[in-house]
$ cat target-v4.cif   # mmCIF, C-alpha atoms
data_query
#
loop_
_atom_site.label_atom_id
_atom_site.label_comp_id
_atom_site.auth_asym_id
_atom_site.auth_seq_id
_atom_site.Cartn_x
_atom_site.Cartn_y
_atom_site.Cartn_z
CA MET E 1 36.33 6.22 12.40
CA GLU E 2 36.57 5.76 8.68
CA GLU E 3 38.63 2.61 9.14
CA PHE E 4 35.92 1.19 11.37
CA LEU E 5 33.19 2.06 8.86
CA LEU E 6 35.19 0.45 6.09
CA ARG E 7 35.67 -2.72 8.16
CA LEU E 8 31.92 -2.88 8.77
CA GLN E 9 31.16 -2.46 5.11
CA GLU E 10 33.69 -5.10 4.05
CA SER E 11 32.58 -7.62 6.69
CA ASP E 12 31.04 -10.85 5.39
CA PHE E 13 27.59 -9.65 6.44
CA GLY E 14 28.04 -6.21 4.87
CA VAL E 15 29.18 -7.68 1.59
CA TRP E 16 26.32 -10.21 1.64
CA VAL E 17 23.73 -7.47 2.12
CA SER E 18 25.10 -5.21 -0.57
CA SER E 19 26.08 -7.71 -3.24
CA ALA E 20 24.60 -11.18 -2.75
CA PRO E 21 22.98 -12.01 -6.10
CA THR E 22 19.61 -12.71 -4.55
CA ILE E 23 16.42 -10.71 -4.11
CA PHE E 24 16.48 -11.70 -0.42
CA ALA E 25 19.53 -9.56 0.34
CA TYR E 26 19.54 -5.81 -0.38
CA PRO E 27 16.18 -5.55 -2.24
CA THR E 28 14.16 -7.39 0.44
CA ILE E 29 15.85 -5.59 3.33
CA LEU E 30 15.18 -2.22 1.65
CA MET E 31 11.56 -3.26 0.95
CA LEU E 32 11.04 -4.25 4.60
CA HIS E 33 12.46 -0.85 5.61
CA THR E 34 9.63 0.76 3.61
CA VAL E 35 7.00 -1.59 5.13
CA GLY E 36 8.28 -0.59 8.58
CA LEU E 37 8.11 3.10 7.58
CA ALA E 38 4.42 2.71 6.75
CA MET E 39 3.81 0.86 10.05
CA ILE E 40 5.41 3.66 12.05
CA VAL E 41 4.43 6.82 10.21
CA GLY E 42 0.94 5.72 9.07
CA PRO E 43 -0.52 5.10 12.58
CA ALA E 44 1.46 8.06 13.98
CA TRP E 45 -0.13 10.44 11.47
CA VAL E 46 -3.63 9.02 12.04
CA LEU E 47 -3.22 9.66 15.76
CA ASP E 48 -1.72 13.12 15.12
CA VAL E 49 -4.56 14.35 12.89
CA ARG E 50 -7.14 12.92 15.35
CA LEU E 51 -5.50 14.80 18.25
CA LEU E 52 -5.50 17.96 16.15
CA GLY E 53 -9.28 17.67 15.92
CA TYR E 54 -9.89 15.80 12.68
CA GLY E 55 -12.40 12.90 12.70
CA ALA E 56 -13.59 13.94 16.17
CA ARG E 57 -16.30 11.24 16.27
CA LEU E 58 -13.52 8.64 16.71
CA PRO E 59 -12.77 8.08 20.42
CA VAL E 60 -9.04 8.71 20.93
CA GLU E 61 -9.03 5.63 23.17
CA ALA E 62 -9.70 3.47 20.08
CA LEU E 63 -6.22 4.40 18.81
CA ARG E 64 -4.36 3.00 21.81
CA GLY E 65 -3.47 -0.06 19.70
CA ALA E 66 -1.63 2.15 17.19
CA PHE E 67 1.47 2.06 19.38
CA ARG E 68 1.75 -1.71 19.07
CA ILE E 69 1.85 -1.45 15.26
CA MET E 70 4.34 1.42 15.53
CA TRP E 71 6.66 -0.54 17.81
CA ILE E 72 6.63 -3.56 15.47
CA GLY E 73 7.40 -1.16 12.61
CA PHE E 74 10.18 0.41 14.62
CA PHE E 75 11.69 -3.00 15.40
CA ILE E 76 11.61 -3.87 11.67
CA ASN E 77 13.21 -0.56 10.72
CA ALA E 78 15.87 -0.58 13.40
CA SER E 79 16.95 -4.10 12.32
CA THR E 80 16.79 -3.47 8.57
CA GLY E 81 18.31 -0.02 9.07
CA ILE E 82 21.33 -1.49 10.87
CA ALA E 83 21.77 -4.09 8.09
CA LEU E 84 21.51 -1.40 5.39
CA PHE E 85 23.94 0.83 7.27
CA ILE E 86 26.53 -1.94 7.64
CA SER E 87 26.33 -2.67 3.91
CA GLU E 88 27.17 0.95 3.03
CA ALA E 89 28.78 2.15 6.26
CA ASP E 90 31.70 3.89 4.58
CA ASP E 91 29.30 5.86 2.38
CA LYS E 92 26.27 6.59 4.62
CA GLY E 93 28.27 7.02 7.84
CA LEU E 94 30.16 9.95 6.35
CA LYS E 95 27.07 11.80 5.12
CA TRP E 96 25.73 14.60 7.31
CA ILE E 97 22.20 13.94 6.06
CA PHE E 98 22.36 10.42 7.54
CA TRP E 99 23.08 11.85 10.99
CA VAL E 100 20.27 14.39 10.50
CA LYS E 101 17.95 11.44 9.79
CA LEU E 102 19.06 9.59 12.94
CA LEU E 103 18.73 12.73 15.07
CA THR E 104 15.24 13.42 13.64
CA ILE E 105 14.17 9.84 14.46
CA ALA E 106 15.61 10.10 17.98
CA VAL E 107 13.64 13.31 18.63
CA ALA E 108 10.52 11.78 17.03
CA LEU E 109 10.80 8.78 19.38
CA VAL E 110 11.05 11.06 22.42
CA VAL E 111 8.00 13.01 21.19
CA THR E 112 6.08 9.77 20.52
CA THR E 113 6.71 8.34 24.00
CA ARG E 114 5.79 11.67 25.61
CA LEU E 115 2.64 11.84 23.50
CA ARG E 116 1.72 8.33 24.56
CA ARG E 117 2.24 9.20 28.23
CA THR E 118 0.32 12.49 27.92
CA VAL E 119 -2.68 11.09 26.05
CA PHE E 120 -2.91 7.45 27.18
CA GLY E 121 -0.92 7.52 30.43
CA SER E 122 -3.73 8.06 32.91
CA GLY E 123 -6.77 5.87 32.27
CA VAL E 124 -9.12 6.29 29.31
CA ALA E 125 -7.80 8.84 26.79
CA SER E 126 -9.68 12.14 26.67
CA ASP E 127 -11.43 12.98 23.40
CA VAL E 128 -10.32 16.60 23.56
CA ALA E 129 -6.56 16.97 23.27
CA THR E 130 -4.82 19.27 25.73
CA PRO E 131 -2.63 22.06 24.26
CA LYS E 132 0.39 19.96 25.24
CA ALA E 133 -0.97 16.92 23.37
CA ARG E 134 -1.71 19.09 20.33
CA ASN E 135 1.83 20.46 20.32
CA LEU E 136 3.27 16.95 20.57
CA ALA E 137 0.99 15.84 17.70
CA LYS E 138 2.21 18.71 15.51
CA ALA E 139 5.82 17.89 16.38
CA SER E 140 5.24 14.21 15.55
CA LEU E 141 3.66 15.11 12.20
CA PHE E 142 6.63 17.19 11.09
CA LEU E 143 9.38 15.06 12.63
CA TRP E 144 8.26 11.89 10.81
CA LEU E 145 7.98 13.89 7.56
CA GLY E 146 11.49 15.16 8.28
CA ALA E 147 12.79 11.62 8.86
CA ILE E 148 11.28 10.45 5.53
CA THR E 149 12.76 13.47 3.73
CA ALA E 150 16.23 13.01 5.21
CA GLY E 151 16.09 9.27 4.45
CA ARG E 152 15.23 9.93 0.81
CA LEU E 153 17.89 12.61 0.44
CA MET E 154 20.56 10.11 1.56
CA ALA E 155 20.42 8.77 -1.99
CA TYR E 156 21.12 12.23 -3.44
CA ILE E 157 23.31 14.33 -1.12
CA LYS E 158 27.00 13.52 -1.38
CA MET K 1 3.34 -1.21 -28.47
CA PHE K 2 4.02 0.18 -25.03
CA LEU K 3 7.64 0.84 -25.85
CA SER K 4 6.80 2.91 -28.92
CA PHE K 5 4.32 4.82 -26.76
CA ALA K 6 7.13 5.21 -24.22
CA SER K 7 9.52 6.68 -26.76
CA TRP K 8 6.80 9.06 -28.02
CA LEU K 9 5.98 10.11 -24.45
CA HIS K 10 9.67 10.63 -23.71
CA LYS K 11 9.83 13.29 -26.45
CA THR K 12 6.67 15.20 -25.42
CA PRO K 13 7.20 18.75 -24.11
CA ILE K 14 5.89 17.84 -20.65
CA SER K 15 8.32 14.92 -20.35
CA LEU K 16 11.19 17.18 -21.48
CA VAL K 17 10.22 19.76 -18.84
CA PHE K 18 10.29 17.06 -16.13
CA GLN K 19 13.58 15.64 -17.42
CA ASN K 20 15.26 19.04 -17.42
CA GLN K 21 14.11 19.71 -13.85
CA VAL K 22 15.25 16.33 -12.70
CA ALA K 23 17.93 17.47 -10.26
CA TRP K 24 15.44 18.66 -7.65
CA LEU K 25 12.14 17.33 -9.03
CA TRP K 26 12.92 13.63 -8.66
CA PRO K 27 14.03 13.62 -4.99
CA THR K 28 11.13 15.91 -4.06
CA CYS K 29 8.59 13.63 -5.75
CA GLU K 30 10.17 10.55 -4.16
CA THR K 31 9.90 12.10 -0.71
CA LEU K 32 6.24 12.98 -1.33
CA HIS K 33 5.67 9.46 -2.72
CA PHE K 34 6.94 7.91 0.54
CA ALA K 35 4.95 10.34 2.71
CA GLY K 36 1.87 9.59 0.59
CA LEU K 37 2.27 5.85 0.98
CA ALA K 38 2.51 6.19 4.77
CA LEU K 39 -0.66 8.30 4.84
CA LEU K 40 -2.56 5.97 2.49
CA LEU K 41 -1.50 2.75 4.22
CA GLY K 42 -1.99 4.24 7.68
CA VAL K 43 -5.59 5.27 7.04
CA ALA K 44 -6.63 2.42 4.71
CA GLY K 45 -4.89 -0.06 7.03
CA MET K 46 -6.84 1.24 10.03
CA PHE K 47 -10.10 0.89 8.09
CA ASP K 48 -9.19 -2.66 7.01
CA LEU K 49 -8.36 -3.62 10.60
CA ARG K 50 -11.79 -2.32 11.67
CA LEU K 51 -13.46 -4.47 8.98
CA LEU K 52 -11.40 -7.45 10.20
CA GLY K 53 -12.90 -7.02 13.66
CA PHE K 54 -10.51 -4.73 15.54
CA MET K 55 -11.82 -1.58 17.31
CA LYS K 56 -15.33 -3.12 17.38
CA ARG K 57 -16.65 -0.46 19.76
CA VAL K 58 -16.23 2.17 17.03
CA PRO K 59 -18.87 2.36 14.27
CA ILE K 60 -17.43 1.63 10.80
CA SER K 61 -18.78 4.96 9.51
CA VAL K 62 -16.72 6.80 12.14
CA VAL K 63 -13.48 5.09 11.05
CA LYS K 64 -14.46 6.02 7.50
CA ASP K 65 -14.33 9.71 8.48
CA PHE K 66 -10.55 9.43 8.01
CA MET K 67 -10.78 8.22 4.39
CA PRO K 68 -10.24 11.72 2.89
CA TRP K 69 -6.69 11.49 4.26
CA ALA K 70 -6.17 8.18 2.46
CA LEU K 71 -7.38 9.94 -0.67
CA VAL K 72 -4.86 12.75 -0.08
CA GLY K 73 -2.11 10.12 0.14
CA PHE K 74 -3.37 8.32 -2.95
CA THR K 75 -3.66 11.53 -5.01
CA LEU K 76 -0.18 12.60 -3.93
CA ASN K 77 1.20 9.23 -5.05
CA LEU K 78 -0.75 9.16 -8.29
CA MET K 79 0.57 12.62 -9.21
CA THR K 80 4.18 12.01 -8.22
CA GLY K 81 4.00 8.54 -9.80
CA MET K 82 2.81 10.05 -13.06
CA ILE K 83 5.72 12.49 -12.98
CA PHE K 84 8.12 9.50 -12.67
CA VAL K 85 6.46 7.66 -15.54
CA ILE K 86 6.23 10.72 -17.83
CA SER K 87 9.90 11.56 -17.15
CA GLN K 88 11.24 8.06 -17.80
CA PRO K 89 8.48 6.07 -19.55
CA ALA K 90 10.64 3.24 -20.89
CA GLN K 91 12.08 2.58 -17.44
CA TYR K 92 8.56 1.69 -16.24
CA PHE K 93 6.72 0.33 -19.29
CA GLY K 94 9.68 -1.95 -20.02
CA ASN K 95 9.80 -3.33 -16.48
CA PRO K 96 7.54 -6.32 -15.68
CA THR K 97 7.68 -5.42 -11.99
CA TRP K 98 5.96 -2.11 -12.79
CA TRP K 99 3.12 -4.01 -14.44
CA VAL K 100 2.84 -6.16 -11.31
CA LYS K 101 2.52 -2.92 -9.33
CA VAL K 102 -0.17 -1.67 -11.73
CA GLY K 103 -1.92 -5.05 -11.38
CA PHE K 104 -2.02 -4.73 -7.59
CA LEU K 105 -3.31 -1.14 -7.98
CA ILE K 106 -6.15 -2.38 -10.18
CA VAL K 107 -7.01 -5.11 -7.64
CA ALA K 108 -6.96 -2.56 -4.79
CA GLY K 109 -9.13 -0.14 -6.79
CA ALA K 110 -11.65 -2.79 -7.90
CA ASN K 111 -11.83 -4.08 -4.32
CA ALA K 112 -12.57 -0.59 -2.98
CA PHE K 113 -15.20 -0.13 -5.71
CA ILE K 114 -16.88 -3.44 -4.80
CA PHE K 115 -16.90 -2.40 -1.15
CA GLU K 116 -18.45 0.99 -1.90
CA THR K 117 -21.10 -0.22 -4.32
CA ALA K 118 -22.08 -3.58 -2.83
CA TYR K 119 -21.26 -3.43 0.88
CA GLY K 120 -20.89 0.23 1.87
CA ARG K 121 -24.41 0.65 3.21
CA ARG K 122 -24.48 -2.79 4.83
CA ALA K 123 -21.19 -2.08 6.58
CA ALA K 124 -22.47 1.24 7.94
CA ALA K 125 -25.51 -0.54 9.40
CA ILE K 126 -23.51 -3.08 11.44
CA PRO K 127 -24.19 -2.43 15.13
CA VAL K 128 -21.25 -1.53 17.35
CA GLY K 129 -19.64 -4.56 18.98
CA GLU K 130 -20.99 -7.02 16.42
CA ASP K 131 -18.68 -9.25 14.39
CA THR K 132 -18.25 -8.21 10.75
CA PRO K 133 -19.56 -10.65 8.12
CA THR K 134 -17.08 -12.79 6.16
CA PRO K 135 -17.39 -10.87 2.84
CA LEU K 136 -16.22 -7.68 4.59
CA LYS K 137 -13.30 -9.54 6.15
CA ILE K 138 -12.33 -10.85 2.72
CA ILE K 139 -12.52 -7.33 1.27
CA ALA K 140 -10.34 -6.04 4.11
CA GLY K 141 -7.81 -8.84 3.60
CA VAL K 142 -7.68 -8.23 -0.17
CA SER K 143 -7.21 -4.51 0.49
CA LEU K 144 -4.32 -5.02 2.92
CA ILE K 145 -2.59 -7.56 0.66
CA SER K 146 -3.04 -5.56 -2.54
CA TRP K 147 -1.77 -2.26 -1.06
CA LEU K 148 1.17 -4.15 0.43
CA GLY K 149 1.69 -5.66 -3.04
CA VAL K 150 1.76 -2.17 -4.56
CA LEU K 151 4.43 -1.17 -2.03
CA VAL K 152 6.55 -4.32 -2.44
CA ALA K 153 6.44 -4.23 -6.26
CA GLY K 154 7.21 -0.50 -6.17
CA ARG K 155 10.24 -1.00 -3.95
CA PHE K 156 11.48 -3.91 -6.11
CA LEU K 157 11.24 -1.83 -9.30
CA PRO K 158 14.93 -0.94 -9.51
CA PHE K 159 16.08 -4.50 -8.69
CA VAL K 160 13.74 -6.94 -10.45
CA GLY K 161 13.22 -6.70 -14.17
CA ALA K 162 14.77 -3.26 -14.49
CA GLY K 163 16.70 -2.51 -17.65
CA ILE K 164 17.79 0.80 -16.22
CA GLY K 165 18.59 0.81 -12.52
CA ALA K 166 17.71 4.35 -11.64
CA GLY K 167 16.00 5.83 -8.65
CA LEU K 168 17.42 3.59 -5.94
#
$ encode --input "target-v4.cif" --output "structure tokens"
Amino acid sequence: MEEFLLRLQESDFGVWVSSAPTIFAYPTILMLHTVGLAMIVGPAWVLDVRLLGYGARLPVEALRGAFRIMWIGFFINASTGIALFISEADDKGLKWIFWVKLLTIAVALVVTTRLRRTVFGSGVASDVATPKARNLAKASLFLWLGAITAGRLMAYIK
Amino acid sequence: MFLSFASWLHKTPISLVFQNQVAWLWPTCETLHFAGLALLLGVAGMFDLRLLGFMKRVPISVVKDFMPWALVGFTLNLMTGMIFVISQPAQYFGNPTWWVKVGFLIVAGANAFIFETAYGRRAAAIPVGEDTPTPLKIIAGVSLISWLGVLVAGRFLPFVGAGIGAGL
């Protein structure tokens, strides 16, 4: 395992990402990872607080487009995340907090797709969230906060 | 001038308190700073998209109901940001990229002020389904670009123009 991680990190691509003397390598990839974060978590939280009853004048149906922004954000973050991982595979891959982050994101994705099916799956979305939709919204709120927290702690926990 | 202010600030009791707490304070504030940016950009971005002509069936005033959440995100980031600056003033005052970030913040703030004072009432009166006038689209575009600028400059802080590469 560790040998594989080391080979990833020392691959031409891994070395380019981590140490190419240009702003377009590590700094830009890391910046795009933050842009993607905002595109995923921002719309997710707007939808979550709306489903929990805040801003009730807004028809839930109007937020159907949020998923398109979230998927673009997710595509950006999966790609930049893989690049960032390769560049520091031997470090990040051995940290438990990194696997907590991935697990949190995996669960958040399951919750998000279930929330989409529950709220938008059958015709026009209802303006009053069912208890199931509310529970999924609460889970989404905390899971994305958890993913951000775990991601940040990767820079601190050995 | 700013650097002598920075070295004075660095020795103030409040800065020393933050510096001595740094083991847990810094990562906690960073986490809140990222959560705050997602909240701010999520809500402000939705409002900007409405002004650009998306979600036309929803009155602008209804989308504005969510603005308190953007303010929560902004306040969170202003507070945590001030903790960063008070803890390590020279790291920020001495970094041109930080001034670029402050510049984008001023543009975003002035833009929001112009919207509120000059266009707020007009925007609220736009009938549902009607196209938004060009000035509102410009304001929305400036808002999106300037908040994105704040984010990009903020993320580039440790890499561009940084004397001290801390807080990666």
$ resolve_selection --input "target-v4.cif" --expression "the PyMOL selection byres ((chain E) within 9 of (chain K))" --output "PyMOL selection string"
chain E and resi 23+27-28+30-32+34-35+37-46+50+54-59+62-63+65-66+144-145+148-153+155-156
$ atom_distance --input "target-v4.cif" --atom1 "CA of Leu143 in chain E" --atom2 "CA of Phe74 in chain E"
14.8 Å
$ closest_residue --input "target-v4.cif" --among "K:Leu71, K:Ala110, K:Ala140, K:Ile86" --to "Pro13 in chain K" --atoms "all atoms listed in the file"
K:Ile86
$ closest_residue --input "target-v4.cif" --among "E:Thr22, E:Ile69, E:Ile86, E:Glu61" --to "Leu6 in chain E" --atoms "all atoms listed in the file"
E:Ile86
$ closest_residue --input "target-v4.cif" --among "K:Val85, K:Asp48, K:Asn77, K:Ala6" --to "Ile139 in chain K" --atoms "all atoms listed in the file"
K:Asp48
$ atom_distance --input "target-v4.cif" --atom1 "CA of Ala25 in chain E" --atom2 "CA of Val102 in chain K"
24.4 Å
$ residues_around --input "target-v4.cif" --residues "Trp99 in chain K" --least-positions-apart "2" --cutoff "12 Å" --atoms "all atoms listed in the file" --output "ChimeraX atom specification"
/K:2,91-97,101-106,149-150,153-154,156-157,160-162
$ residues_near_point --input "target-v4.cif" --point "(-0.9, 8.5, 19.5)" --cutoff "10 Å" --atoms "all atoms listed in the file" --output "MDAnalysis selection string"
chainID E and resid 43:51 60:61 63:67 70 112:120 133 136:137 140
$ atom_distance --input "target-v4.cif" --atom1 "CA of Ile157 in chain E" --atom2 "CA of Leu94 in chain E"
11.0 Å
$ resolve_selection --input "target-v4.cif" --expression "the PyMOL selection byres ((chain K and resi 136) around 9)" --output "PDB file with C-alpha atoms, in the coordinates of the input"
ATOM      1  CA  ASP K  48      -9.190  -2.660   7.010  1.00  0.00           C
ATOM      2  CA  LEU K  51     -13.460  -4.470   8.980  1.00  0.00           C
ATOM      3  CA  LEU K  52     -11.400  -7.450  10.200  1.00  0.00           C
ATOM      4  CA  PHE K 115     -16.900  -2.400  -1.150  1.00  0.00           C
ATOM      5  CA  TYR K 119     -21.260  -3.430   0.880  1.00  0.00           C
ATOM      6  CA  ALA K 123     -21.190  -2.080   6.580  1.00  0.00           C
ATOM      7  CA  THR K 132     -18.250  -8.210  10.750  1.00  0.00           C
ATOM      8  CA  PRO K 133     -19.560 -10.650   8.120  1.00  0.00           C
ATOM      9  CA  THR K 134     -17.080 -12.790   6.160  1.00  0.00           C
ATOM     10  CA  PRO K 135     -17.390 -10.870   2.840  1.00  0.00           C
ATOM     11  CA  LYS K 137     -13.300  -9.540   6.150  1.00  0.00           C
ATOM     12  CA  ILE K 138     -12.330 -10.850   2.720  1.00  0.00           C
ATOM     13  CA  ILE K 139     -12.520  -7.330   1.270  1.00  0.00           C
ATOM     14  CA  ALA K 140     -10.340  -6.040   4.110  1.00  0.00           C
ATOM     15  CA  GLY K 141      -7.810  -8.840   3.600  1.00  0.00           C
TER      16      GLY K 141
END
$ resolve_selection --input "target-v4.cif" --expression "the PyMOL selection byres ((chain K and resi 15) around 12)" --output "NGL selection string"
:K and (6-14 or 16-22 or 82-90)
$ residues_around --input "target-v4.cif" --residues "Asp91 in chain E" --least-positions-apart "3" --cutoff "12 Å" --atoms "only C-alpha atoms" --output "NGL selection string"
:E and (2-3 or 5-6 or 8-10 or 84-88 or 94-98 or 154-158)
$ residues_around --input "target-v4.cif" --residues "Ala108 in chain K" --least-positions-apart "3" --cutoff "7 Å" --atoms "only C-alpha atoms" --output "short mmCIF file (atom, residue, chain, number, x, y, z; two decimals) with C-alpha atoms, in the coordinates of the input"
data_model
loop_
_atom_site.label_atom_id
_atom_site.label_comp_id
_atom_site.auth_asym_id
_atom_site.auth_seq_id
_atom_site.Cartn_x
_atom_site.Cartn_y
_atom_site.Cartn_z
CA PHE K 104 -2.02 -4.73 -7.59
CA LEU K 105 -3.31 -1.14 -7.98
CA ASN K 111 -11.83 -4.08 -4.32
CA ALA K 112 -12.57 -0.59 -2.98
CA SER K 143 -7.21 -4.51 0.49
CA SER K 146 -3.04 -5.56 -2.54
CA TRP K 147 -1.77 -2.26 -1.06
#
$ closest_residue --input "target-v4.cif" --among "E:Ile29, E:Met1, E:Ala139, E:Ala20" --to "Ile105 in chain E" --atoms "only C-alpha atoms"
E:Ala139
